[in-house]
$ cat entry-v4.csv   # CSV, C-alpha atoms and all ligand atoms
chain,number,residue,atom,x,y,z
O,5,MET,CA,-21.6,15.7,-84.1
O,6,ALA,CA,-18.6,17.3,-85.7
O,7,VAL,CA,-15.3,16.0,-84.4
O,8,THR,CA,-12.4,18.5,-84.2
O,9,THR,CA,-9.2,16.8,-85.5
O,10,VAL,CA,-5.6,17.8,-85.1
O,11,GLN,CA,-2.8,17.2,-87.6
O,12,ALA,CA,-0.4,14.9,-85.8
O,13,GLY,CA,2.6,14.0,-87.9
O,14,ARG,CA,1.7,11.1,-90.0
O,15,GLY,CA,-2.1,11.5,-89.6
O,16,THR,CA,-4.9,13.3,-87.8
O,17,ARG,CA,-6.3,12.6,-84.4
O,18,PRO,CA,-9.5,13.6,-82.8
O,19,ALA,CA,-8.6,16.6,-80.5
O,20,GLN,CA,-10.4,15.1,-77.5
O,21,ASN,CA,-8.0,12.1,-77.6
O,22,LEU,CA,-4.9,14.2,-77.2
O,23,ARG,CA,-3.3,14.7,-73.8
O,24,VAL,CA,-3.7,18.1,-72.0
O,25,ASP,CA,-1.6,17.2,-68.9
O,26,ARG,CA,2.0,18.1,-68.4
O,27,TRP,CA,3.2,15.3,-70.6
O,28,TRP,CA,6.3,17.3,-71.5
O,29,LEU,CA,7.7,17.1,-68.0
O,30,GLN,CA,9.1,13.5,-68.2
O,31,PRO,CA,10.9,14.0,-71.5
O,32,ALA,CA,12.2,17.3,-70.4
O,33,LEU,CA,13.6,15.8,-67.2
O,34,THR,CA,15.0,12.9,-69.1
O,35,ALA,CA,16.7,15.2,-71.6
O,36,ALA,CA,18.2,17.3,-68.7
O,37,GLY,CA,19.5,14.2,-66.9
O,38,LEU,CA,21.1,12.7,-70.0
O,39,THR,CA,22.6,16.0,-71.1
O,40,ALA,CA,24.1,16.6,-67.7
O,41,PHE,CA,25.6,13.1,-67.7
O,42,VAL,CA,27.0,13.5,-71.2
O,43,ILE,CA,28.6,16.8,-70.4
O,44,TYR,CA,30.1,15.6,-67.1
O,45,SER,CA,31.4,12.3,-68.5
O,46,THR,CA,33.0,14.0,-71.5
O,47,TRP,CA,34.7,16.5,-69.2
O,48,SER,CA,35.9,13.6,-67.0
O,49,THR,CA,37.1,11.6,-70.0
O,50,PHE,CA,39.3,14.4,-71.2
O,51,THR,CA,40.6,15.4,-67.8
O,52,PRO,CA,43.1,12.6,-67.2
O,53,HIS,CA,44.4,13.5,-63.8
O,54,ASP,CA,43.0,13.0,-60.3
O,55,TYR,CA,41.1,9.9,-61.4
O,56,PHE,CA,43.2,7.7,-59.1
O,57,ALA,CA,43.7,8.3,-55.4
O,58,GLY,CA,47.0,6.6,-54.7
O,59,ALA,CA,49.7,6.4,-52.0
O,60,THR,CA,49.9,10.2,-51.5
O,61,VAL,CA,46.4,10.2,-50.0
O,62,GLY,CA,46.6,6.7,-48.6
O,63,ARG,CA,43.9,5.1,-50.7
O,64,ASP,CA,43.7,2.8,-53.8
O,65,TYR,CA,40.6,4.3,-55.4
O,66,LEU,CA,40.2,4.3,-59.2
O,67,SER,CA,37.4,6.2,-61.0
O,68,PRO,CA,35.0,3.9,-62.8
O,69,PHE,CA,35.4,6.0,-66.0
O,70,PHE,CA,39.0,4.9,-66.1
O,71,SER,CA,38.5,1.3,-65.2
O,72,PRO,CA,40.1,-0.9,-66.3
O,73,CYS,CA,43.0,1.5,-66.7
O,74,ILE,CA,45.1,-0.4,-69.3
O,75,THR,CA,47.6,2.1,-70.4
O,76,ASN,CA,51.0,2.9,-68.9
O,77,ARG,CA,49.9,6.4,-68.2
O,78,CYS,CA,47.5,5.1,-65.5
O,79,GLY,CA,49.8,5.5,-62.6
O,80,ALA,CA,51.9,3.2,-60.4
O,81,GLY,CA,49.0,2.0,-58.2
O,82,THR,CA,46.7,0.8,-61.0
O,83,THR,CA,46.7,-2.8,-62.1
O,84,TRP,CA,46.6,-3.2,-65.9
O,85,HIS,CA,49.4,-1.6,-67.9
O,86,LEU,CA,48.8,-3.5,-71.2
O,87,VAL,CA,49.1,-0.6,-73.7
O,88,ASN,CA,52.2,1.5,-73.9
O,89,TRP,CA,51.5,3.3,-77.2
O,90,TRP,CA,48.3,5.2,-76.3
O,91,PRO,CA,49.1,8.9,-75.9
O,92,PHE,CA,45.6,10.2,-74.8
O,93,SER,CA,43.3,9.7,-71.8
O,94,ALA,CA,43.0,6.1,-70.8
O,95,ALA,CA,39.2,6.5,-70.5
O,96,ILE,CA,38.8,6.9,-74.2
O,97,LEU,CA,39.9,3.3,-74.7
O,98,MET,CA,37.3,1.9,-72.3
O,99,LEU,CA,34.3,4.2,-72.4
O,100,PRO,CA,33.1,3.2,-75.9
O,101,PHE,CA,32.0,-0.2,-74.5
O,102,PRO,CA,29.6,1.0,-71.8
O,103,LEU,CA,28.6,3.8,-74.1
O,104,MET,CA,27.6,1.3,-76.7
O,105,PHE,CA,25.7,-0.8,-74.1
O,106,ARG,CA,23.8,2.1,-72.7
O,107,GLY,CA,23.3,3.8,-76.1
O,108,THR,CA,21.6,0.7,-77.5
O,109,CYS,CA,19.7,-0.2,-74.3
O,110,TYR,CA,16.0,-0.6,-74.9
O,111,TYR,CA,15.1,1.8,-72.1
O,112,TYR,CA,17.5,4.5,-73.1
O,113,ARG,CA,16.4,4.2,-76.7
O,114,LYS,CA,12.9,5.0,-75.7
O,115,ALA,CA,14.1,7.8,-73.5
O,116,TYR,CA,16.2,9.6,-76.0
O,117,TYR,CA,13.8,9.0,-79.0
O,118,ARG,CA,11.1,10.7,-76.9
O,119,SER,CA,13.1,13.5,-75.2
O,120,PHE,CA,15.5,14.5,-78.0
O,121,TRP,CA,13.8,13.4,-81.2
O,122,PHE,CA,10.1,13.7,-80.2
O,123,SER,CA,9.6,10.4,-82.0
O,124,PRO,CA,7.0,10.2,-80.5
O,125,PRO,CA,7.2,12.8,-77.6
O,126,ALA,CA,4.7,10.8,-75.5
O,127,CYS,CA,1.6,8.7,-75.9
O,128,ALA,CA,-1.4,10.6,-77.3
O,129,VAL,CA,0.7,13.6,-78.2
O,130,PRO,CA,1.0,14.8,-81.8
O,131,GLU,CA,4.2,13.6,-83.4
O,132,PRO,CA,6.2,16.2,-85.5
O,133,HIS,CA,7.7,13.7,-87.9
O,134,GLY,CA,6.0,13.0,-91.2
O,135,LYS,CA,7.2,9.4,-91.6
O,136,TYR,CA,8.5,6.5,-89.5
O,137,THR,CA,11.1,4.0,-90.5
O,138,GLY,CA,11.7,2.4,-87.2
O,139,GLU,CA,15.1,0.7,-86.7
O,140,SER,CA,15.0,-1.1,-90.0
O,141,ARG,CA,17.8,0.8,-91.7
O,142,PHE,CA,21.1,2.5,-91.1
O,143,PRO,CA,22.0,4.1,-88.8
O,144,LEU,CA,19.4,2.9,-86.3
O,145,LEU,CA,19.8,-0.6,-87.6
O,146,VAL,CA,22.9,-0.8,-85.4
O,147,GLN,CA,20.6,-0.7,-82.3
O,148,ASN,CA,20.0,-4.4,-83.0
O,149,LEU,CA,23.6,-5.1,-81.9
O,150,HIS,CA,22.6,-4.5,-78.3
O,151,ARG,CA,23.0,-8.2,-77.3
O,152,TYR,CA,26.6,-8.1,-78.5
O,153,ALA,CA,27.2,-4.9,-76.5
O,154,LEU,CA,26.0,-6.9,-73.5
O,155,TYR,CA,28.5,-9.6,-74.2
O,156,LEU,CA,31.3,-7.0,-74.3
O,157,VAL,CA,30.4,-5.2,-71.1
O,158,ILE,CA,29.7,-8.3,-68.9
O,159,PRO,CA,33.4,-8.2,-67.6
O,160,PHE,CA,33.1,-4.5,-66.5
O,161,PRO,CA,31.1,-4.9,-63.3
O,162,ILE,CA,33.3,-7.8,-62.3
O,163,ILE,CA,36.4,-5.6,-62.9
O,164,LEU,CA,34.8,-2.8,-60.9
O,165,LEU,CA,34.2,-5.2,-58.0
O,166,TRP,CA,37.8,-6.1,-58.2
O,167,GLU,CA,38.8,-2.5,-58.1
O,168,ALA,CA,36.5,-2.0,-55.1
O,169,TRP,CA,38.3,-4.8,-53.4
O,170,LYS,CA,41.6,-3.1,-54.1
O,171,GLY,CA,40.0,-0.1,-52.4
O,172,THR,CA,40.2,-1.9,-49.1
O,173,HIS,CA,44.0,-1.5,-49.5
O,174,MET,CA,44.8,1.4,-47.1
O,175,ILE,CA,48.2,3.1,-46.7
O,176,THR,CA,49.2,5.0,-43.5
O,177,VAL,CA,52.4,6.6,-42.3
O,178,SER,CA,53.8,5.0,-39.2
O,179,ALA,CA,55.3,7.1,-36.3
O,180,ALA,CA,58.8,6.2,-37.8
O,181,GLY,CA,57.7,7.8,-41.1
O,182,SER,CA,57.5,4.6,-43.1
O,183,LEU,CA,54.5,3.6,-45.2
O,184,VAL,CA,52.3,0.9,-43.6
O,185,THR,CA,49.7,-1.0,-45.7
O,186,SER,CA,46.7,-2.8,-44.3
O,187,ARG,CA,43.1,-3.8,-45.2
O,188,GLY,CA,40.3,-1.5,-44.2
O,189,LEU,CA,37.1,0.1,-45.2
O,190,GLY,CA,36.9,3.8,-46.1
O,191,LEU,CA,33.8,5.7,-47.4
O,192,GLY,CA,35.3,5.5,-50.8
O,193,THR,CA,35.6,1.7,-50.7
O,194,LEU,CA,31.9,1.6,-49.8
O,195,ILE,CA,31.1,3.9,-52.7
O,196,LEU,CA,33.2,1.8,-55.1
O,197,PHE,CA,31.4,-1.4,-54.0
O,198,VAL,CA,27.9,0.1,-54.3
O,199,ASN,CA,28.7,1.5,-57.7
O,200,ALA,CA,30.0,-1.9,-58.9
O,201,LEU,CA,26.9,-3.7,-57.5
O,202,LEU,CA,24.5,-1.2,-59.1
O,203,LEU,CA,26.3,-1.6,-62.5
O,204,LEU,CA,26.2,-5.4,-62.1
O,205,THR,CA,22.4,-5.3,-61.3
O,206,TYR,CA,21.7,-3.0,-64.2
O,207,THR,CA,23.7,-5.3,-66.5
O,208,LEU,CA,21.8,-8.4,-65.3
O,209,SER,CA,18.5,-6.6,-65.6
O,210,CYS,CA,19.1,-6.1,-69.4
O,211,HIS,CA,16.4,-7.5,-71.7
O,212,SER,CA,19.1,-9.3,-73.7
O,213,CYS,CA,20.4,-10.9,-70.6
O,214,ARG,CA,16.9,-12.1,-69.8
O,215,HIS,CA,16.8,-13.6,-73.3
O,216,LEU,CA,20.2,-15.1,-72.9
O,217,CYS,CA,19.3,-16.7,-69.5
O,218,GLY,CA,16.2,-18.5,-70.7
O,219,GLY,CA,14.0,-16.2,-72.7
O,220,HIS,CA,15.1,-17.9,-76.0
O,221,LEU,CA,14.0,-21.4,-74.9
O,222,ASN,CA,10.7,-22.7,-76.2
O,223,ALA,CA,10.1,-24.8,-73.1
O,224,LEU,CA,11.5,-23.5,-69.8
O,225,SER,CA,10.4,-26.7,-68.1
O,226,LYS,CA,13.2,-28.4,-70.0
O,227,GLY,CA,15.9,-26.2,-68.4
O,228,PRO,CA,15.3,-25.9,-64.7
O,229,THR,CA,18.6,-24.0,-64.1
O,230,ARG,CA,17.8,-21.7,-66.9
O,231,TYR,CA,14.3,-21.2,-65.5
O,232,TRP,CA,15.7,-20.4,-62.1
O,233,LEU,CA,18.1,-17.9,-63.6
O,234,TRP,CA,15.5,-16.4,-65.9
O,235,LYS,CA,13.1,-15.8,-63.0
O,236,ARG,CA,15.7,-13.9,-61.0
O,237,VAL,CA,16.8,-11.8,-64.0
O,238,SER,CA,13.1,-11.2,-64.9
O,239,PHE,CA,12.6,-9.7,-61.4
O,240,LEU,CA,15.5,-7.3,-62.0
O,241,ASN,CA,14.2,-6.6,-65.5
O,242,GLU,CA,11.0,-5.2,-64.1
O,243,HIS,CA,13.1,-2.5,-62.5
O,244,HIS,CA,15.3,-1.9,-65.5
O,245,MET,CA,14.5,1.8,-65.9
O,246,GLY,CA,15.1,2.6,-62.3
O,247,LEU,CA,18.4,0.6,-62.4
O,248,ALA,CA,19.4,2.4,-65.5
O,249,TRP,CA,19.1,5.8,-63.8
O,250,VAL,CA,20.5,4.9,-60.4
O,251,SER,CA,23.5,3.2,-61.9
O,252,LEU,CA,24.1,6.2,-64.2
O,253,VAL,CA,24.0,8.7,-61.4
O,254,ALA,CA,26.1,6.4,-59.2
O,255,VAL,CA,28.9,6.1,-61.7
O,256,GLY,CA,29.1,9.9,-62.1
O,257,LEU,CA,29.1,10.5,-58.3
O,258,THR,CA,31.7,7.8,-57.8
O,259,ASP,CA,34.0,9.6,-60.3
O,260,VAL,CA,33.3,12.9,-58.4
O,261,TYR,CA,34.2,11.3,-55.1
O,262,VAL,CA,37.4,9.7,-56.3
O,263,ARG,CA,38.5,13.0,-57.9
O,264,LEU,CA,37.8,14.9,-54.7
O,265,VAL,CA,39.9,12.4,-52.6
O,266,ALA,CA,42.7,12.2,-55.2
O,267,SER,CA,43.0,16.0,-55.5
O,268,GLY,CA,43.1,16.3,-51.7
O,269,ALA,CA,40.0,18.4,-51.7
O,270,ILE,CA,38.4,16.1,-49.1
O,271,HIS,CA,39.7,13.5,-46.7
O,272,ASP,CA,38.3,10.0,-47.1
O,273,PRO,CA,36.9,8.8,-43.7
O,274,ARG,CA,38.0,5.3,-42.6
O,275,PHE,CA,35.5,3.1,-40.7
O,276,PHE,CA,38.0,0.5,-39.7
T,301,LIG,S1,17.9,-3.4,-72.5
T,301,LIG,FE1,18.8,-1.9,-71.2
T,301,LIG,S2,20.8,-2.6,-71.0
T,301,LIG,FE2,19.9,-4.1,-72.2

$ encode --input "entry-v4.csv" --output "structure tokens" --more "lines below"
Ligand code: FES
Amino acid sequence: MAVTTVQAGRGTRPAQNLRVDRWWLQPALTAAGLTAFVIYSTWSTFTPHDYFAGATVGRDYLSPFFSPCITNRCGAGTTWHLVNWWPFSAAILMLPFPLMFRGTCYYYRKAYYRSFWFSPPACAVPEPHGKYTGESRFPLLVQNLHRYALYLVIPFPIILLWEAWKGTHMITVSAAGSLVTSRGLGLGTLILFVNALLLLTYTLSCHSCRHLCGGHLNALSKGPTRYWLWKRVSFLNEHHMGLAWVSLVAVGLTDVYVRLVASGAIHDPRFF
């Protein structure tokens, strides 16, 4: 029986082996989600105002895009004023680290190779590229630096937790007109904590973190603590894709919320 074949990039495939379902939906949604995030985060990075809700609105909320805010342009209420020579947005100094981490993430690599480069678009779908060189030469060779990107970003979720704790710092005006500070919990504090925990979970679920915790050992039985750690991180690792998306959306929404509070567009409700 004659088999109909289809030219599929680097070879031919029997036509009956190719997918006919809506395989394009997932890469299209991925491309839309990543593009939306890149556009929004770029706008936020180059909009260096309203990223900190300070005394004027009674809250100590800092956008995660600007955390840690290390320049002296960061405003009086922020913690780290280490750099006094940087004339541009403080976010430009910090964002390269998470960007490097997410950009070289094994999941995101698969996502953008498929949705932007069609390499390959999906399983059992003809590939438009004539040849495949993998990640064995420049520039994709730098993807192999992912584990070092992990080492660089490990402090970030911890700093975000610290910033969320600072978000419990509430400022109110007394009947006499003076500023009164106290600890409390606002909706924004909750959002900052959730965002920090999601970023921490995403970071811990990283494949390189799993390797670091115990995956590189030849015999896990010789390192019971490593084994304990490796099992927990392996559990998170099973949900890495979901955590990658949830934490990405959370960081964007947290920035939106802080900006709305800082600009006075909305009032942050206080629970206690
Ligand atoms: S593999 Fe995704 S963050 Fe490391």

$ closest_atom_pairs --input "entry-v4.csv" --of "chain O" --to "ligand LIG 301 (chain T)" --cutoff "8 Å" --atoms "all atoms listed in the file" --output "tab-separated table"
residue	atom	partner	partner_atom	distance
O:Phe105	CA	T:LIG301	S2	6.1
O:Arg106	CA	T:LIG301	S2	5.8
O:Thr108	CA	T:LIG301	S2	7.3
O:Cys109	CA	T:LIG301	FE1	3.6
O:Tyr110	CA	T:LIG301	S1	4.1
O:Tyr111	CA	T:LIG301	FE1	5.3
O:Tyr112	CA	T:LIG301	FE1	6.8
O:His150	CA	T:LIG301	FE2	6.7
O:Arg151	CA	T:LIG301	FE2	7.2
O:Leu154	CA	T:LIG301	FE2	6.8
O:Tyr206	CA	T:LIG301	S2	6.9
O:Thr207	CA	T:LIG301	S2	6.0
O:Ser209	CA	T:LIG301	S2	7.1
O:Cys210	CA	T:LIG301	FE2	3.5
O:His211	CA	T:LIG301	S1	4.4
O:Ser212	CA	T:LIG301	FE2	5.5
O:Cys213	CA	T:LIG301	FE2	7.0
O:His244	CA	T:LIG301	FE1	6.7
O:Met245	CA	T:LIG301	FE1	7.8
O:Ala248	CA	T:LIG301	FE1	7.2

$ write_last_selection --input "entry-v4.csv" --atoms "C-alpha atoms" --output "PDB file, keeping the file's coordinate frame"
ATOM      1  CA  PHE O 105      25.700  -0.800 -74.100  1.00  0.00           C
ATOM      2  CA  ARG O 106      23.800   2.100 -72.700  1.00  0.00           C
ATOM      3  CA  THR O 108      21.600   0.700 -77.500  1.00  0.00           C
ATOM      4  CA  CYS O 109      19.700  -0.200 -74.300  1.00  0.00           C
ATOM      5  CA  TYR O 110      16.000  -0.600 -74.900  1.00  0.00           C
ATOM      6  CA  TYR O 111      15.100   1.800 -72.100  1.00  0.00           C
ATOM      7  CA  TYR O 112      17.500   4.500 -73.100  1.00  0.00           C
ATOM      8  CA  HIS O 150      22.600  -4.500 -78.300  1.00  0.00           C
ATOM      9  CA  ARG O 151      23.000  -8.200 -77.300  1.00  0.00           C
ATOM     10  CA  LEU O 154      26.000  -6.900 -73.500  1.00  0.00           C
ATOM     11  CA  TYR O 206      21.700  -3.000 -64.200  1.00  0.00           C
ATOM     12  CA  THR O 207      23.700  -5.300 -66.500  1.00  0.00           C
ATOM     13  CA  SER O 209      18.500  -6.600 -65.600  1.00  0.00           C
ATOM     14  CA  CYS O 210      19.100  -6.100 -69.400  1.00  0.00           C
ATOM     15  CA  HIS O 211      16.400  -7.500 -71.700  1.00  0.00           C
ATOM     16  CA  SER O 212      19.100  -9.300 -73.700  1.00  0.00           C
ATOM     17  CA  CYS O 213      20.400 -10.900 -70.600  1.00  0.00           C
ATOM     18  CA  HIS O 244      15.300  -1.900 -65.500  1.00  0.00           C
ATOM     19  CA  MET O 245      14.500   1.800 -65.900  1.00  0.00           C
ATOM     20  CA  ALA O 248      19.400   2.400 -65.500  1.00  0.00           C
TER      21      ALA O 248
END

$ atom_distance --input "entry-v4.csv" --atom1 "CA of Tyr136 in chain O" --atom2 "CA of Asn21 in chain O"
21.1 Å

$ closest_residue --input "entry-v4.csv" --among "O:Arg214, O:Tyr65, O:Cys127, O:Leu29" --to "Trp169 in chain O" --atoms "only C-alpha atoms"
O:Tyr65

$ residues_around --input "entry-v4.csv" --residues "range 68-77 of chain O" --least-positions-apart "4" --cutoff "9 Å" --atoms "all atoms listed in the file" --output "PDB file with C-alpha atoms, in the coordinates of the input"
ATOM      1  CA  SER O  45      31.400  12.300 -68.500  1.00  0.00           C
ATOM      2  CA  SER O  48      35.900  13.600 -67.000  1.00  0.00           C
ATOM      3  CA  THR O  49      37.100  11.600 -70.000  1.00  0.00           C
ATOM      4  CA  PRO O  52      43.100  12.600 -67.200  1.00  0.00           C
ATOM      5  CA  TYR O  55      41.100   9.900 -61.400  1.00  0.00           C
ATOM      6  CA  PHE O  56      43.200   7.700 -59.100  1.00  0.00           C
ATOM      7  CA  THR O  82      46.700   0.800 -61.000  1.00  0.00           C
ATOM      8  CA  THR O  83      46.700  -2.800 -62.100  1.00  0.00           C
ATOM      9  CA  TRP O  84      46.600  -3.200 -65.900  1.00  0.00           C
ATOM     10  CA  HIS O  85      49.400  -1.600 -67.900  1.00  0.00           C
ATOM     11  CA  LEU O  86      48.800  -3.500 -71.200  1.00  0.00           C
ATOM     12  CA  VAL O  87      49.100  -0.600 -73.700  1.00  0.00           C
ATOM     13  CA  ASN O  88      52.200   1.500 -73.900  1.00  0.00           C
ATOM     14  CA  TRP O  89      51.500   3.300 -77.200  1.00  0.00           C
ATOM     15  CA  TRP O  90      48.300   5.200 -76.300  1.00  0.00           C
ATOM     16  CA  PRO O  91      49.100   8.900 -75.900  1.00  0.00           C
ATOM     17  CA  PHE O  92      45.600  10.200 -74.800  1.00  0.00           C
ATOM     18  CA  SER O  93      43.300   9.700 -71.800  1.00  0.00           C
ATOM     19  CA  ALA O  94      43.000   6.100 -70.800  1.00  0.00           C
ATOM     20  CA  ALA O  95      39.200   6.500 -70.500  1.00  0.00           C
ATOM     21  CA  ILE O  96      38.800   6.900 -74.200  1.00  0.00           C
ATOM     22  CA  LEU O  97      39.900   3.300 -74.700  1.00  0.00           C
ATOM     23  CA  MET O  98      37.300   1.900 -72.300  1.00  0.00           C
ATOM     24  CA  LEU O  99      34.300   4.200 -72.400  1.00  0.00           C
ATOM     25  CA  PHE O 160      33.100  -4.500 -66.500  1.00  0.00           C
ATOM     26  CA  ILE O 163      36.400  -5.600 -62.900  1.00  0.00           C
ATOM     27  CA  LEU O 164      34.800  -2.800 -60.900  1.00  0.00           C
ATOM     28  CA  GLU O 167      38.800  -2.500 -58.100  1.00  0.00           C
ATOM     29  CA  LEU O 196      33.200   1.800 -55.100  1.00  0.00           C
ATOM     30  CA  ASN O 199      28.700   1.500 -57.700  1.00  0.00           C
ATOM     31  CA  ALA O 200      30.000  -1.900 -58.900  1.00  0.00           C
ATOM     32  CA  VAL O 255      28.900   6.100 -61.700  1.00  0.00           C
ATOM     33  CA  GLY O 256      29.100   9.900 -62.100  1.00  0.00           C
ATOM     34  CA  THR O 258      31.700   7.800 -57.800  1.00  0.00           C
ATOM     35  CA  ASP O 259      34.000   9.600 -60.300  1.00  0.00           C
TER      36      ASP O 259
END

$ residues_around --input "entry-v4.csv" --residues "range 235-238 of chain O" --least-positions-apart "3" --cutoff "7 Å" --atoms "all atoms listed in the file" --output "PyMOL selection string"
chain O and resi 208-209+214+231-232+241-242

$ closest_residue --input "entry-v4.csv" --among "O:Leu194, O:Ala59, O:Ala269, O:Ala115" --to "Leu38 in chain O" --atoms "all atoms listed in the file"
O:Ala115

$ residues_around --input "entry-v4.csv" --residues "Ala266 in chain O" --least-positions-apart "3" --cutoff "10 Å" --atoms "all atoms listed in the file" --output "PDB file with C-alpha atoms, in the frame of the given file"
ATOM      1  CA  HIS O  53      44.400  13.500 -63.800  1.00  0.00           C
ATOM      2  CA  ASP O  54      43.000  13.000 -60.300  1.00  0.00           C
ATOM      3  CA  TYR O  55      41.100   9.900 -61.400  1.00  0.00           C
ATOM      4  CA  PHE O  56      43.200   7.700 -59.100  1.00  0.00           C
ATOM      5  CA  ALA O  57      43.700   8.300 -55.400  1.00  0.00           C
ATOM      6  CA  GLY O  58      47.000   6.600 -54.700  1.00  0.00           C
ATOM      7  CA  ALA O  59      49.700   6.400 -52.000  1.00  0.00           C
ATOM      8  CA  THR O  60      49.900  10.200 -51.500  1.00  0.00           C
ATOM      9  CA  VAL O  61      46.400  10.200 -50.000  1.00  0.00           C
ATOM     10  CA  GLY O  62      46.600   6.700 -48.600  1.00  0.00           C
ATOM     11  CA  ARG O  63      43.900   5.100 -50.700  1.00  0.00           C
ATOM     12  CA  ASP O  64      43.700   2.800 -53.800  1.00  0.00           C
ATOM     13  CA  TYR O  65      40.600   4.300 -55.400  1.00  0.00           C
ATOM     14  CA  LEU O  66      40.200   4.300 -59.200  1.00  0.00           C
ATOM     15  CA  SER O  67      37.400   6.200 -61.000  1.00  0.00           C
ATOM     16  CA  VAL O 260      33.300  12.900 -58.400  1.00  0.00           C
ATOM     17  CA  TYR O 261      34.200  11.300 -55.100  1.00  0.00           C
ATOM     18  CA  VAL O 262      37.400   9.700 -56.300  1.00  0.00           C
ATOM     19  CA  ARG O 263      38.500  13.000 -57.900  1.00  0.00           C
ATOM     20  CA  ALA O 269      40.000  18.400 -51.700  1.00  0.00           C
ATOM     21  CA  ILE O 270      38.400  16.100 -49.100  1.00  0.00           C
ATOM     22  CA  HIS O 271      39.700  13.500 -46.700  1.00  0.00           C
ATOM     23  CA  ASP O 272      38.300  10.000 -47.100  1.00  0.00           C
TER      24      ASP O 272
END

$ atom_distance --input "entry-v4.csv" --atom1 "CA of Asn148 in chain O" --atom2 "CA of Thr46 in chain O"
25.3 Å

$ build_atoms --input "entry-v4.csv" --residues "range 263-276 of chain O" --atoms "N, CA and C atoms" --output "short mmCIF file (atom, residue, chain, number, x, y, z; two decimals), in the frame of the given file"
data_model
loop_
_atom_site.label_atom_id
_atom_site.label_comp_id
_atom_site.auth_asym_id
_atom_site.auth_seq_id
_atom_site.Cartn_x
_atom_site.Cartn_y
_atom_site.Cartn_z
N ARG O 263 37.75 11.78 -57.50
CA ARG O 263 38.50 13.00 -57.90
C ARG O 263 38.72 13.91 -56.69
N LEU O 264 37.68 14.03 -55.84
CA LEU O 264 37.80 14.90 -54.70
C LEU O 264 38.87 14.36 -53.70
N VAL O 265 38.87 13.03 -53.52
CA VAL O 265 39.90 12.40 -52.60
C VAL O 265 41.26 12.53 -53.26
N ALA O 266 41.35 12.20 -54.54
CA ALA O 266 42.70 12.20 -55.20
C ALA O 266 43.29 13.57 -55.24
N SER O 267 42.47 14.59 -55.40
CA SER O 267 43.00 16.00 -55.50
C SER O 267 43.32 16.53 -54.10
N GLY O 268 42.89 15.81 -53.05
CA GLY O 268 43.10 16.30 -51.70
C GLY O 268 42.07 17.31 -51.24
N ALA O 269 41.01 17.48 -52.04
CA ALA O 269 40.00 18.40 -51.70
C ALA O 269 39.20 17.97 -50.43
N ILE O 270 39.04 16.63 -50.29
CA ILE O 270 38.40 16.10 -49.10
C ILE O 270 39.23 14.94 -48.55
N HIS O 271 39.03 14.65 -47.27
CA HIS O 271 39.70 13.50 -46.70
C HIS O 271 38.72 12.34 -46.62
N ASP O 272 39.17 11.17 -47.06
CA ASP O 272 38.30 10.00 -47.10
C ASP O 272 38.20 9.40 -45.67
N PRO O 273 37.01 9.39 -45.02
CA PRO O 273 36.90 8.80 -43.70
C PRO O 273 37.11 7.30 -43.71
N ARG O 274 37.79 6.75 -42.72
CA ARG O 274 38.00 5.30 -42.60
C ARG O 274 37.18 4.75 -41.49
N PHE O 275 36.37 3.71 -41.77
CA PHE O 275 35.50 3.10 -40.70
C PHE O 275 36.28 2.14 -39.85
N PHE O 276 37.16 1.36 -40.47
CA PHE O 276 38.00 0.50 -39.70
C PHE O 276 39.27 0.13 -40.48
#
